[in-house]
Amino acid sequence: MDNIIYLDNNATTPVDSRVLEAMLPYFSNEYANASSTHNFGQSIKKSINRSREEVANLIGANSNEIIFTSGATESINLSLIGYALANIEKGKHIITLKTEHKAVLDTCKYLETIGFEISYLSVNNDGLIDLNKLKSEINDSSILISVMFVNNEIGVIQPIKEIANIAHDSAMAFFCDATQAVGKVDILVNEFDIDIMAFSGHKFYAPKGIGGLYIKGLSNNKFKLQPILHGGGHENGIRSGTLNVPGIVALGKACELAKKEMNDNAEIISALRNELENDLLKFPGSFVNGSIENRIYNVCNICFPGMDANVMIGKMKNVAVSNGSACTSAIIEPSHVLAAIGLSDRDAFASIRFSLGKYNNRSEVHTVSKLVRELFIKS
Ligand SMILES: *Cc1c(COP(=O)(O)O)cnc(C)c1O
């Protein structure tokens with residue numbers, strides 16, 4: 001895929017060559033099990049600990065508050081199911097948003113089948129939460145609020161600190177799916193008062209299959225999670241299974257690079273996004289889906305009324321973009337996020353998500369604007 005213009009960075013990112021280089025030795029010479037007590041194992045364990053510190057450092061946590069998982073889907077399942085089961089004596093009610101990622105929504109649906117009650121809050125037309133609605137949904141049985149940091153489809157940023165405060169005022173825990181935020185924007189968990197937070201390596205230049213979970217005060221068991229994977233008691237007994245050493249080393253490296261470089265990258269990427277968006281908004285009737293002000297810098301989700309996004313994407317052969325969420329695109333249904341912000345099915349099917357990353361450049365943005373312009377001339 002040589003001439004690809006890749007504007008689908010919210011689906012996944014390429015691996016940074018420095019990340020690849022850091023992980024490669026752990027596929028060959030450095031193969032010991034990090035749990036082995038011999039010197040070889042213990043030297044691998046040191047690498048794991050360094051990675052844990054890099055991850056913790058990126059998000060302002062303590063390294064003993066981080067556990068490694070296979071990615072955000074697993075972290076989300078463990079957080080929601082694990083918290084629900086471990087805190088069942090406190091209540092059985094969880095509050096989330098209709099615009100969450102399927103990993104959250106489908107896990108909540110599963111929890112409903114085993115007796116939990118879930119409130120799926122609708123959002124305002126800009127994609128943002130209604131905090132009064134959130135407050136009025138809380139009852140004596142409420143134990144957990146689950147709201148994502150950055151929406152993967154439209155990029156809107158929720159008022160995380162306010163949501164955390166509301167949770168804590170009612171003695172509830174706050175879980176945040178921060179998969180589209182970690183590695184892109186400065187998140188210090190204590191500043192936002194997040195209790196449990198999920199993230200994934202492949203959304204910020206580490207490979208697929210490695211992610212993590214932040215759990216506040218993990219060692220003093222403040223937020224109890226019942227494990228889903230049982231076995232050797234790895235990761236504080238919360239996530240058994242031999243550690244994915246190359247993946248963990250890669251995640252650590254990606255976090256180190258993000259800490260140093262993400263703010264500079266953000267400036268460049270946001271300029272590219274704005275340029276692309278300005279160009280695309282010249283097309284008759286087109287508009288941005290979701291809040292323009294409270295939005296991450298790398299995404300624009302644009303509706304081209306009257307057009308068919310799938311046809312457009314098919315004609316832009318070497319451009320990788322997404323018609324809504326990649327995770328649902330196997331099923332031909334309008335995106336649940338676009339539906340939740342009030343788009344008609346027709347407008348949802350006319351919407352395209354462009355998500356940029358640090359390897360994009362101006363000439364790519366110009367090419368994409370030009371290709372979209374040609375589509376309009378022909379239609
Ligand atoms: C990609 C994504 C996930 C799933 O992450 P995986 O690591 O691929 O399991 C969950 N939530 C959001 C917001 C995402 O963007």
# chains A, B, ... in the order shown; residues from 1 in each chain; ligands from 1
$ residues_near_ligand --ligand "ligand 1" --cutoff "9 Å" --atoms "only C-alpha atoms and all ligand atoms" --output "PyMOL selection string"
chain A and resi 10-12+70-76+100-104+148-153+177-181+198-203+208-212+325-327
$ residues_around --residues "Ser219 in chain A" --least-positions-apart "6" --cutoff "10 Å" --atoms "only C-alpha atoms" --output "short mmCIF file (atom, residue, chain, number, x, y, z; two decimals) with all heavy atoms, in the first residue's frame"
data_model
loop_
_atom_site.label_atom_id
_atom_site.label_comp_id
_atom_site.auth_asym_id
_atom_site.auth_seq_id
_atom_site.Cartn_x
_atom_site.Cartn_y
_atom_site.Cartn_z
N ASN A 64 2.75 1.93 40.21
CA ASN A 64 2.01 0.79 40.78
C ASN A 64 0.49 0.93 40.61
O ASN A 64 -0.27 0.15 41.18
CB ASN A 64 2.41 0.53 42.23
CG ASN A 64 2.08 1.71 43.14
OD1 ASN A 64 1.31 2.59 42.77
ND2 ASN A 64 2.68 1.73 44.32
N GLU A 65 0.07 1.92 39.82
CA GLU A 65 -1.36 2.06 39.51
C GLU A 65 -1.69 1.65 38.07
O GLU A 65 -2.79 1.87 37.60
CB GLU A 65 -1.79 3.52 39.72
CG GLU A 65 -1.64 4.00 41.16
CD GLU A 65 -1.93 5.48 41.32
OE1 GLU A 65 -1.36 6.30 40.57
OE2 GLU A 65 -2.73 5.83 42.21
N ASN A 236 -0.85 -7.75 39.78
CA ASN A 236 -1.59 -7.56 41.04
C ASN A 236 -2.78 -8.51 41.19
O ASN A 236 -3.73 -8.18 41.89
CB ASN A 236 -2.10 -6.12 41.13
CG ASN A 236 -1.23 -5.29 42.04
OD1 ASN A 236 -0.01 -5.20 41.81
ND2 ASN A 236 -1.81 -4.72 43.07
#
$ atom_distance --atom1 "CA of Asn244 in chain A" --atom2 "CA of Tyr31 in chain A"
10.4 Å
$ select_by_dssp --residues "range 57-95 of chain A" --states "alpha helix (DSSP H)" --output "VMD selection string"
chain A and resid 57 to 59 72 to 86
$ write_last_selection --atoms "all heavy atoms" --output "tab-separated table (two decimals), in the first residue's frame"
chain	number	residue	atom	x	y	z
A	57	ASN	N	4.18	7.96	33.86
A	57	ASN	CA	4.68	9.32	33.69
A	57	ASN	C	3.85	10.11	32.68
A	57	ASN	O	3.56	11.29	32.88
A	57	ASN	CB	6.15	9.24	33.26
A	57	ASN	CG	6.80	10.60	33.21
A	57	ASN	OD1	6.57	11.44	34.09
A	57	ASN	ND2	7.59	10.85	32.17
A	58	LEU	N	3.42	9.44	31.61
A	58	LEU	CA	2.63	10.13	30.59
A	58	LEU	C	1.31	10.64	31.16
A	58	LEU	O	0.86	11.72	30.80
A	58	LEU	CB	2.36	9.18	29.40
A	58	LEU	CG	1.46	9.74	28.29
A	58	LEU	CD1	2.12	10.94	27.60
A	58	LEU	CD2	1.13	8.67	27.26
A	59	ILE	N	0.71	9.88	32.06
A	59	ILE	CA	-0.63	10.25	32.55
A	59	ILE	C	-0.62	10.77	33.99
A	59	ILE	O	-1.67	10.95	34.61
A	59	ILE	CB	-1.63	9.08	32.42
A	59	ILE	CG1	-1.17	7.86	33.23
A	59	ILE	CG2	-1.82	8.70	30.95
A	59	ILE	CD1	-2.22	6.75	33.30
A	72	ALA	N	-7.61	-1.69	24.63
A	72	ALA	CA	-8.68	-0.96	25.32
A	72	ALA	C	-9.93	-1.81	25.50
A	72	ALA	O	-10.60	-1.71	26.53
A	72	ALA	CB	-9.01	0.32	24.56
A	73	THR	N	-10.24	-2.66	24.54
A	73	THR	CA	-11.45	-3.49	24.70
A	73	THR	C	-11.35	-4.33	25.96
A	73	THR	O	-12.29	-4.40	26.76
A	73	THR	CB	-11.65	-4.38	23.45
A	73	THR	OG1	-11.81	-3.53	22.31
A	73	THR	CG2	-12.88	-5.26	23.60
A	74	GLU	N	-10.20	-4.95	26.16
A	74	GLU	CA	-10.03	-5.75	27.37
A	74	GLU	C	-10.07	-4.88	28.62
A	74	GLU	O	-10.71	-5.23	29.62
A	74	GLU	CB	-8.72	-6.55	27.33
A	74	GLU	CG	-8.62	-7.48	28.53
A	74	GLU	CD	-7.24	-8.10	28.73
A	74	GLU	OE1	-6.52	-8.30	27.74
A	74	GLU	OE2	-6.92	-8.38	29.90
A	75	SER	N	-9.39	-3.72	28.57
A	75	SER	CA	-9.37	-2.83	29.73
A	75	SER	C	-10.78	-2.38	30.10
A	75	SER	O	-11.13	-2.29	31.27
A	75	SER	CB	-8.51	-1.59	29.43
A	75	SER	OG	-7.16	-1.97	29.27
A	76	ILE	N	-11.59	-2.12	29.08
A	76	ILE	CA	-12.97	-1.67	29.31
A	76	ILE	C	-13.80	-2.80	29.91
A	76	ILE	O	-14.53	-2.60	30.90
A	76	ILE	CB	-13.57	-1.16	27.98
A	76	ILE	CG1	-12.88	0.14	27.56
A	76	ILE	CG2	-15.09	-0.97	28.11
A	76	ILE	CD1	-13.12	0.54	26.10
A	77	ASN	N	-13.69	-3.99	29.35
A	77	ASN	CA	-14.42	-5.14	29.90
A	77	ASN	C	-14.05	-5.38	31.36
A	77	ASN	O	-14.91	-5.58	32.21
A	77	ASN	CB	-14.13	-6.40	29.07
A	77	ASN	CG	-15.06	-6.57	27.90
A	77	ASN	OD1	-16.07	-7.26	27.97
A	77	ASN	ND2	-14.76	-5.88	26.80
A	78	LEU	N	-12.74	-5.35	31.62
A	78	LEU	CA	-12.26	-5.59	32.99
A	78	LEU	C	-12.78	-4.50	33.93
A	78	LEU	O	-13.20	-4.79	35.06
A	78	LEU	CB	-10.73	-5.64	32.98
A	78	LEU	CG	-10.02	-5.75	34.32
A	78	LEU	CD1	-10.52	-6.94	35.12
A	78	LEU	CD2	-8.51	-5.89	34.10
A	79	SER	N	-12.76	-3.25	33.48
A	79	SER	CA	-13.20	-2.15	34.35
A	79	SER	C	-14.68	-2.26	34.66
A	79	SER	O	-15.08	-2.19	35.82
A	79	SER	CB	-12.95	-0.80	33.67
A	79	SER	OG	-11.59	-0.66	33.38
A	80	LEU	N	-15.49	-2.41	33.62
A	80	LEU	CA	-16.94	-2.36	33.83
A	80	LEU	C	-17.43	-3.64	34.51
A	80	LEU	O	-18.13	-3.58	35.54
A	80	LEU	CB	-17.65	-2.14	32.50
A	80	LEU	CG	-17.37	-0.80	31.81
A	80	LEU	CD1	-18.06	-0.75	30.45
A	80	LEU	CD2	-17.82	0.38	32.67
A	81	ILE	N	-17.08	-4.78	33.97
A	81	ILE	CA	-17.55	-6.04	34.56
A	81	ILE	C	-16.87	-6.23	35.92
A	81	ILE	O	-17.52	-6.58	36.91
A	81	ILE	CB	-17.24	-7.24	33.63
A	81	ILE	CG1	-17.96	-7.05	32.29
A	81	ILE	CG2	-17.66	-8.56	34.29
A	81	ILE	CD1	-17.57	-8.07	31.22
A	82	GLY	N	-15.56	-5.99	35.95
A	82	GLY	CA	-14.81	-6.18	37.19
A	82	GLY	C	-15.32	-5.29	38.31
A	82	GLY	O	-15.47	-5.74	39.44
A	83	TYR	N	-15.60	-4.03	38.00
A	83	TYR	CA	-16.09	-3.12	39.05
A	83	TYR	C	-17.51	-3.50	39.47
A	83	TYR	O	-17.83	-3.53	40.66
A	83	TYR	CB	-16.05	-1.66	38.59
A	83	TYR	CG	-16.30	-0.72	39.75
A	83	TYR	CD1	-15.25	-0.34	40.58
A	83	TYR	CD2	-17.58	-0.26	40.04
A	83	TYR	CE1	-15.46	0.49	41.68
A	83	TYR	CE2	-17.81	0.56	41.14
A	83	TYR	CZ	-16.74	0.93	41.95
A	83	TYR	OH	-16.97	1.73	43.05
A	84	ALA	N	-18.34	-3.81	38.48
A	84	ALA	CA	-19.73	-4.16	38.79
A	84	ALA	C	-19.78	-5.38	39.71
A	84	ALA	O	-20.48	-5.36	40.74
A	84	ALA	CB	-20.49	-4.44	37.49
A	85	LEU	N	-19.03	-6.42	39.39
A	85	LEU	CA	-19.09	-7.64	40.18
A	85	LEU	C	-18.47	-7.46	41.56
A	85	LEU	O	-18.94	-8.03	42.54
A	85	LEU	CB	-18.40	-8.80	39.43
A	85	LEU	CG	-19.10	-9.25	38.14
A	85	LEU	CD1	-18.32	-10.39	37.49
A	85	LEU	CD2	-20.55	-9.67	38.39
A	86	ALA	N	-17.42	-6.65	41.64
A	86	ALA	CA	-16.74	-6.49	42.94
A	86	ALA	C	-17.49	-5.55	43.87
A	86	ALA	O	-17.19	-5.50	45.06
A	86	ALA	CB	-15.31	-6.00	42.71
$ residues_around --residues "range 133-146 of chain A" --least-positions-apart "6" --cutoff "9 Å" --atoms "only C-alpha atoms" --output "compact mmCIF listing (two decimals) with C-alpha atoms, in the first residue's frame"
# COMPACT_ATOMS: atom_id res chain seq x y z
CA LEU A 80 -16.94 -2.36 33.83
CA TYR A 83 -16.09 -3.12 39.05
CA ALA A 84 -19.73 -4.16 38.79
CA ASN A 87 -19.11 -3.78 44.17
CA ILE A 88 -22.43 -5.50 43.81
CA LYS A 90 -23.25 -1.18 46.86
CA GLY A 91 -25.75 -1.29 44.02
CA LYS A 92 -26.43 -2.46 40.50
CA HIS A 93 -26.85 0.74 38.49
CA ILE A 94 -24.32 2.14 35.98
CA ILE A 95 -24.62 5.32 33.91
CA THR A 96 -23.03 5.77 30.49
CA LEU A 97 -23.60 7.63 27.20
CA GLU A 100 -19.63 5.52 23.85
CA VAL A 104 -18.38 0.06 26.46
CA GLU A 117 -29.28 -1.75 35.27
CA SER A 119 -28.76 4.15 31.89
CA LEU A 121 -27.82 8.92 28.48
CA SER A 122 -28.60 10.80 25.31
CA ILE A 163 -18.35 14.35 35.45
CA ALA A 164 -15.82 13.00 37.95
CA ILE A 166 -20.63 14.49 40.04
CA ALA A 167 -19.67 10.83 40.46
CA SER A 170 -22.66 10.66 45.05
CA ALA A 171 -19.95 8.26 46.26
CA MET A 172 -19.76 6.65 42.82
CA ALA A 173 -16.63 5.67 40.91
CA PHE A 174 -15.72 7.28 37.59
CA PHE A 175 -14.38 5.17 34.72
CA CYS A 176 -13.08 6.85 31.57
CA ASP A 177 -12.37 5.27 28.18
$ atom_distance --atom1 "CA of Val55 in chain A" --atom2 "CA of Thr99 in chain A"
27.0 Å
$ atom_distance --atom1 "CA of Phe223 in chain A" --atom2 "CA of Met197 in chain A"
11.8 Å
$ closest_residue --among "A:Ala206, A:Met307, A:Ile114, A:Ile5" --to "Glu21 in chain A" --atoms "only C-alpha atoms"
A:Ala206
$ residues_around --residues "Lys315 in chain A" --least-positions-apart "3" --cutoff "12 Å" --atoms "only C-alpha atoms" --output "PyMOL selection string"
chain A and resi 308-312+318-321+368+371-372+374-376+378-379
$ write_last_selection --atoms "N, CA, C and O atoms" --output "tab-separated table (two decimals), in the first residue's frame"
chain	number	residue	atom	x	y	z
A	308	ASP	N	-23.31	10.13	-1.10
A	308	ASP	CA	-23.22	8.82	-0.46
A	308	ASP	C	-21.76	8.61	-0.06
A	308	ASP	O	-20.89	8.46	-0.92
A	309	ALA	N	-21.52	8.61	1.25
A	309	ALA	CA	-20.13	8.54	1.74
A	309	ALA	C	-19.43	7.29	1.23
A	309	ALA	O	-18.24	7.35	0.88
A	310	ASN	N	-20.14	6.17	1.17
A	310	ASN	CA	-19.50	4.94	0.71
A	310	ASN	C	-19.06	5.03	-0.73
A	310	ASN	O	-17.99	4.54	-1.11
A	311	VAL	N	-19.89	5.66	-1.56
A	311	VAL	CA	-19.52	5.86	-2.96
A	311	VAL	C	-18.31	6.78	-3.05
A	311	VAL	O	-17.35	6.51	-3.79
A	312	MET	N	-18.34	7.86	-2.28
A	312	MET	CA	-17.21	8.79	-2.27
A	312	MET	C	-15.92	8.08	-1.87
A	312	MET	O	-14.88	8.23	-2.53
A	318	ASN	N	-7.07	5.67	-3.20
A	318	ASN	CA	-5.88	5.59	-2.36
A	318	ASN	C	-5.98	6.39	-1.07
A	318	ASN	O	-4.98	6.63	-0.41
A	319	VAL	N	-7.20	6.81	-0.76
A	319	VAL	CA	-7.39	7.57	0.47
A	319	VAL	C	-8.07	6.67	1.50
A	319	VAL	O	-9.11	6.08	1.21
A	320	ALA	N	-7.45	6.56	2.68
A	320	ALA	CA	-8.04	5.76	3.75
A	320	ALA	C	-8.74	6.68	4.72
A	320	ALA	O	-8.09	7.43	5.46
A	321	VAL	N	-10.07	6.68	4.67
A	321	VAL	CA	-10.88	7.44	5.62
A	321	VAL	C	-11.99	6.49	6.09
A	321	VAL	O	-12.04	5.34	5.67
A	368	VAL	N	-6.37	15.32	-0.98
A	368	VAL	CA	-7.70	14.87	-0.57
A	368	VAL	C	-8.75	15.94	-0.87
A	368	VAL	O	-9.83	15.63	-1.40
A	371	LEU	N	-9.45	15.73	-4.54
A	371	LEU	CA	-10.25	14.55	-4.91
A	371	LEU	C	-11.72	14.75	-4.54
A	371	LEU	O	-12.61	14.39	-5.31
A	372	VAL	N	-11.98	15.34	-3.38
A	372	VAL	CA	-13.37	15.58	-2.98
A	372	VAL	C	-14.00	16.60	-3.93
A	372	VAL	O	-15.15	16.43	-4.36
A	374	GLU	N	-13.32	17.05	-7.05
A	374	GLU	CA	-13.64	16.36	-8.31
A	374	GLU	C	-14.92	15.55	-8.19
A	374	GLU	O	-15.73	15.51	-9.11
A	375	LEU	N	-15.13	14.94	-7.04
A	375	LEU	CA	-16.35	14.16	-6.83
A	375	LEU	C	-17.58	15.05	-6.92
A	375	LEU	O	-18.62	14.67	-7.44
A	376	PHE	N	-17.45	16.27	-6.41
A	376	PHE	CA	-18.59	17.19	-6.43
A	376	PHE	C	-18.88	17.68	-7.84
A	376	PHE	O	-20.02	17.84	-8.23
A	378	LYS	N	-18.35	16.05	-10.53
A	378	LYS	CA	-18.95	14.95	-11.33
A	378	LYS	C	-20.37	14.65	-10.90
A	378	LYS	O	-21.14	14.09	-11.65
A	379	SER	N	-20.72	14.97	-9.65
A	379	SER	CA	-22.03	14.52	-9.16
A	379	SER	C	-23.15	15.50	-9.55
A	379	SER	O	-22.91	16.61	-9.94
$ residues_around --residues "Asn265 in chain A" --least-positions-apart "5" --cutoff "9 Å" --atoms "only C-alpha atoms" --output "list in words"
Lys184, Ala258, Ser270, Gly357 and Lys358 of chain A
$ write_last_selection --atoms "N, CA, C and O atoms" --output "mmCIF file, in the first residue's frame"
data_model
loop_
_atom_site.group_PDB
_atom_site.id
_atom_site.type_symbol
_atom_site.label_atom_id
_atom_site.label_comp_id
_atom_site.auth_asym_id
_atom_site.auth_seq_id
_atom_site.Cartn_x
_atom_site.Cartn_y
_atom_site.Cartn_z
ATOM 1 N N LYS A 184 -2.259 11.742 22.933
ATOM 2 C CA LYS A 184 -2.559 12.849 22.021
ATOM 3 C C LYS A 184 -2.701 14.165 22.778
ATOM 4 O O LYS A 184 -2.322 15.217 22.274
ATOM 5 N N ALA A 258 5.475 10.172 23.231
ATOM 6 C CA ALA A 258 4.298 11.049 23.291
ATOM 7 C C ALA A 258 4.529 12.176 24.289
ATOM 8 O O ALA A 258 4.216 13.341 24.024
ATOM 9 N N SER A 270 -3.079 19.897 14.036
ATOM 10 C CA SER A 270 -4.284 20.728 14.076
ATOM 11 C C SER A 270 -4.290 21.736 12.923
ATOM 12 O O SER A 270 -5.348 22.024 12.353
ATOM 13 N N GLY A 357 -2.833 12.142 11.671
ATOM 14 C CA GLY A 357 -1.799 11.737 12.615
ATOM 15 C C GLY A 357 -0.476 12.394 12.277
ATOM 16 O O GLY A 357 -0.382 13.200 11.341
ATOM 17 N N LYS A 358 0.561 12.002 13.021
ATOM 18 C CA LYS A 358 1.830 12.733 12.915
ATOM 19 C C LYS A 358 2.583 12.455 11.612
ATOM 20 O O LYS A 358 3.539 13.149 11.306
#
$ closest_residue --among "A:Cys303, A:Ile66, A:Ile313, A:Met262" --to "Lys282 in chain A" --atoms "only C-alpha atoms"
A:Cys303
$ residues_around --residues "Arg18 in chain A" --least-positions-apart "3" --cutoff "10 Å" --atoms "only C-alpha atoms" --output "ChimeraX atom specification"
/A:15,21-23,205-206,250,253-254,257
$ write_last_selection --atoms "all heavy atoms" --output "PDB file, in the first residue's frame"
ATOM      1  N   VAL A  15       3.077   1.916  13.405  1.00  0.00           N
ATOM      2  CA  VAL A  15       4.031   1.855  14.516  1.00  0.00           C
ATOM      3  C   VAL A  15       5.201   2.793  14.207  1.00  0.00           C
ATOM      4  O   VAL A  15       5.770   2.754  13.119  1.00  0.00           O
ATOM      5  CB  VAL A  15       4.521   0.410  14.729  1.00  0.00           C
ATOM      6  CG1 VAL A  15       5.611   0.347  15.795  1.00  0.00           C
ATOM      7  CG2 VAL A  15       3.355  -0.497  15.110  1.00  0.00           C
ATOM      8  N   GLU A  21      11.896  -0.444  16.883  1.00  0.00           N
ATOM      9  CA  GLU A  21      13.290  -0.735  17.212  1.00  0.00           C
ATOM     10  C   GLU A  21      13.433  -1.126  18.691  1.00  0.00           C
ATOM     11  O   GLU A  21      14.162  -2.051  19.039  1.00  0.00           O
ATOM     12  CB  GLU A  21      14.126   0.516  16.910  1.00  0.00           C
ATOM     13  CG  GLU A  21      15.598   0.292  16.876  1.00  0.00           C
ATOM     14  CD  GLU A  21      16.340   1.622  16.716  1.00  0.00           C
ATOM     15  OE1 GLU A  21      15.746   2.589  16.181  1.00  0.00           O
ATOM     16  OE2 GLU A  21      17.493   1.677  17.151  1.00  0.00           O
ATOM     17  N   ALA A  22      12.683  -0.425  19.555  1.00  0.00           N
ATOM     18  CA  ALA A  22      12.770  -0.717  20.995  1.00  0.00           C
ATOM     19  C   ALA A  22      12.227  -2.105  21.321  1.00  0.00           C
ATOM     20  O   ALA A  22      12.736  -2.788  22.212  1.00  0.00           O
ATOM     21  CB  ALA A  22      12.001   0.346  21.786  1.00  0.00           C
ATOM     22  N   MET A  23      11.221  -2.554  20.592  1.00  0.00           N
ATOM     23  CA  MET A  23      10.592  -3.830  20.959  1.00  0.00           C
ATOM     24  C   MET A  23      11.278  -5.044  20.334  1.00  0.00           C
ATOM     25  O   MET A  23      11.174  -6.146  20.863  1.00  0.00           O
ATOM     26  CB  MET A  23       9.095  -3.809  20.600  1.00  0.00           C
ATOM     27  CG  MET A  23       8.772  -4.034  19.135  1.00  0.00           C
ATOM     28  SD  MET A  23       7.019  -3.732  18.740  1.00  0.00           S
ATOM     29  CE  MET A  23       6.227  -5.127  19.538  1.00  0.00           C
ATOM     30  N   TYR A 205       0.752   4.959  17.960  1.00  0.00           N
ATOM     31  CA  TYR A 205       2.025   4.562  17.338  1.00  0.00           C
ATOM     32  C   TYR A 205       2.751   3.403  18.024  1.00  0.00           C
ATOM     33  O   TYR A 205       3.934   3.176  17.787  1.00  0.00           O
ATOM     34  CB  TYR A 205       2.961   5.785  17.177  1.00  0.00           C
ATOM     35  CG  TYR A 205       2.220   6.961  16.597  1.00  0.00           C
ATOM     36  CD1 TYR A 205       1.822   8.039  17.393  1.00  0.00           C
ATOM     37  CD2 TYR A 205       1.855   6.972  15.251  1.00  0.00           C
ATOM     38  CE1 TYR A 205       1.091   9.099  16.862  1.00  0.00           C
ATOM     39  CE2 TYR A 205       1.130   8.023  14.712  1.00  0.00           C
ATOM     40  CZ  TYR A 205       0.748   9.080  15.523  1.00  0.00           C
ATOM     41  OH  TYR A 205       0.027  10.117  14.991  1.00  0.00           O
ATOM     42  N   ALA A 206       2.043   2.657  18.878  1.00  0.00           N
ATOM     43  CA  ALA A 206       2.536   1.365  19.359  1.00  0.00           C
ATOM     44  C   ALA A 206       1.748   0.288  18.597  1.00  0.00           C
ATOM     45  O   ALA A 206       0.781   0.604  17.913  1.00  0.00           O
ATOM     46  CB  ALA A 206       2.346   1.252  20.870  1.00  0.00           C
ATOM     47  N   ALA A 250       7.088  -1.731  23.846  1.00  0.00           N
ATOM     48  CA  ALA A 250       6.651  -0.816  22.789  1.00  0.00           C
ATOM     49  C   ALA A 250       5.734   0.269  23.359  1.00  0.00           C
ATOM     50  O   ALA A 250       5.879   1.452  23.043  1.00  0.00           O
ATOM     51  CB  ALA A 250       5.928  -1.595  21.691  1.00  0.00           C
ATOM     52  N   LYS A 253       7.746   2.810  25.188  1.00  0.00           N
ATOM     53  CA  LYS A 253       8.458   3.708  24.277  1.00  0.00           C
ATOM     54  C   LYS A 253       7.491   4.728  23.654  1.00  0.00           C
ATOM     55  O   LYS A 253       7.800   5.910  23.554  1.00  0.00           O
ATOM     56  CB  LYS A 253       9.138   2.883  23.174  1.00  0.00           C
ATOM     57  CG  LYS A 253      10.069   3.675  22.276  1.00  0.00           C
ATOM     58  CD  LYS A 253      11.305   4.150  23.021  1.00  0.00           C
ATOM     59  CE  LYS A 253      12.176   5.065  22.176  1.00  0.00           C
ATOM     60  NZ  LYS A 253      13.365   5.536  22.922  1.00  0.00           N
ATOM     61  N   ALA A 254       6.311   4.252  23.257  1.00  0.00           N
ATOM     62  CA  ALA A 254       5.331   5.157  22.656  1.00  0.00           C
ATOM     63  C   ALA A 254       4.918   6.242  23.661  1.00  0.00           C
ATOM     64  O   ALA A 254       4.716   7.407  23.290  1.00  0.00           O
ATOM     65  CB  ALA A 254       4.108   4.372  22.177  1.00  0.00           C
ATOM     66  N   LEU A 257       7.789   8.789  23.958  1.00  0.00           N
ATOM     67  CA  LEU A 257       7.809   9.688  22.793  1.00  0.00           C
ATOM     68  C   LEU A 257       6.638  10.673  22.844  1.00  0.00           C
ATOM     69  O   LEU A 257       6.796  11.855  22.536  1.00  0.00           O
ATOM     70  CB  LEU A 257       7.750   8.869  21.496  1.00  0.00           C
ATOM     71  CG  LEU A 257       8.960   7.974  21.220  1.00  0.00           C
ATOM     72  CD1 LEU A 257       8.707   7.107  19.985  1.00  0.00           C
ATOM     73  CD2 LEU A 257      10.228   8.808  21.040  1.00  0.00           C
TER      74      LEU A 257
END
$ select_by_dssp --residues "range 55-231 of chain A" --states "strand (DSSP E)" --output "number ranges by chain"
A: 66-69, 93-97, 117-121, 142-146, 173-177, 196-200, 211-215
$ write_last_selection --atoms "C-alpha atoms" --output "mmCIF file, in the first residue's frame"
data_model
loop_
_atom_site.group_PDB
_atom_site.id
_atom_site.type_symbol
_atom_site.label_atom_id
_atom_site.label_comp_id
_atom_site.auth_asym_id
_atom_site.auth_seq_id
_atom_site.Cartn_x
_atom_site.Cartn_y
_atom_site.Cartn_z
ATOM 1 C CA ILE A 66 -0.850 0.704 35.969
ATOM 2 C CA ILE A 67 -1.654 -2.756 34.688
ATOM 3 C CA PHE A 68 -1.028 -4.038 31.179
ATOM 4 C CA THR A 69 -3.750 -5.640 29.058
ATOM 5 C CA HIS A 93 -26.846 0.745 38.488
ATOM 6 C CA ILE A 94 -24.325 2.139 35.984
ATOM 7 C CA ILE A 95 -24.621 5.315 33.910
ATOM 8 C CA THR A 96 -23.029 5.772 30.489
ATOM 9 C CA LEU A 97 -23.604 7.628 27.203
ATOM 10 C CA GLU A 117 -29.282 -1.747 35.275
ATOM 11 C CA ILE A 118 -27.712 0.593 32.778
ATOM 12 C CA SER A 119 -28.758 4.145 31.894
ATOM 13 C CA TYR A 120 -27.659 5.117 28.388
ATOM 14 C CA LEU A 121 -27.817 8.916 28.484
ATOM 15 C CA SER A 142 -25.816 3.875 41.266
ATOM 16 C CA ILE A 143 -22.218 2.699 41.570
ATOM 17 C CA LEU A 144 -20.354 3.802 38.449
ATOM 18 C CA ILE A 145 -20.298 6.461 35.724
ATOM 19 C CA SER A 146 -18.579 5.531 32.444
ATOM 20 C CA ALA A 173 -16.634 5.667 40.913
ATOM 21 C CA PHE A 174 -15.716 7.277 37.588
ATOM 22 C CA PHE A 175 -14.381 5.172 34.723
ATOM 23 C CA CYS A 176 -13.080 6.853 31.569
ATOM 24 C CA ASP A 177 -12.370 5.274 28.184
ATOM 25 C CA ILE A 196 -10.156 4.045 36.432
ATOM 26 C CA MET A 197 -8.976 4.728 32.876
ATOM 27 C CA ALA A 198 -8.520 2.572 29.770
ATOM 28 C CA PHE A 199 -6.130 3.189 26.872
ATOM 29 C CA SER A 200 -4.551 1.374 23.938
ATOM 30 C CA GLY A 211 -2.974 -1.548 26.181
ATOM 31 C CA GLY A 212 -3.370 -0.630 29.761
ATOM 32 C CA LEU A 213 -5.521 0.299 32.656
ATOM 33 C CA TYR A 214 -4.970 2.965 35.288
ATOM 34 C CA ILE A 215 -6.538 2.172 38.652
#
$ closest_residue --among "A:His234, A:Lys216, A:Lys222, A:Lys45" --to "Asn62 in chain A" --atoms "only C-alpha atoms"
A:Lys216
$ residues_around --residues "Ser351 in chain A" --least-positions-apart "4" --cutoff "12 Å" --atoms "only C-alpha atoms" --output "JSON, numbers by chain"
{"A": [153, 154, 280, 286, 287, 288, 289, 290, 300, 301, 302, 303, 304, 305, 306, 307, 308, 309, 310, 311, 312, 313, 321, 322, 323, 324, 325, 334, 335, 337, 338, 339, 343, 344, 345, 346, 347]}
$ closest_residue --among "A:Leu188, A:Val365, A:His336, A:Glu54" --to "Lys98 in chain A" --atoms "only C-alpha atoms"
A:His336
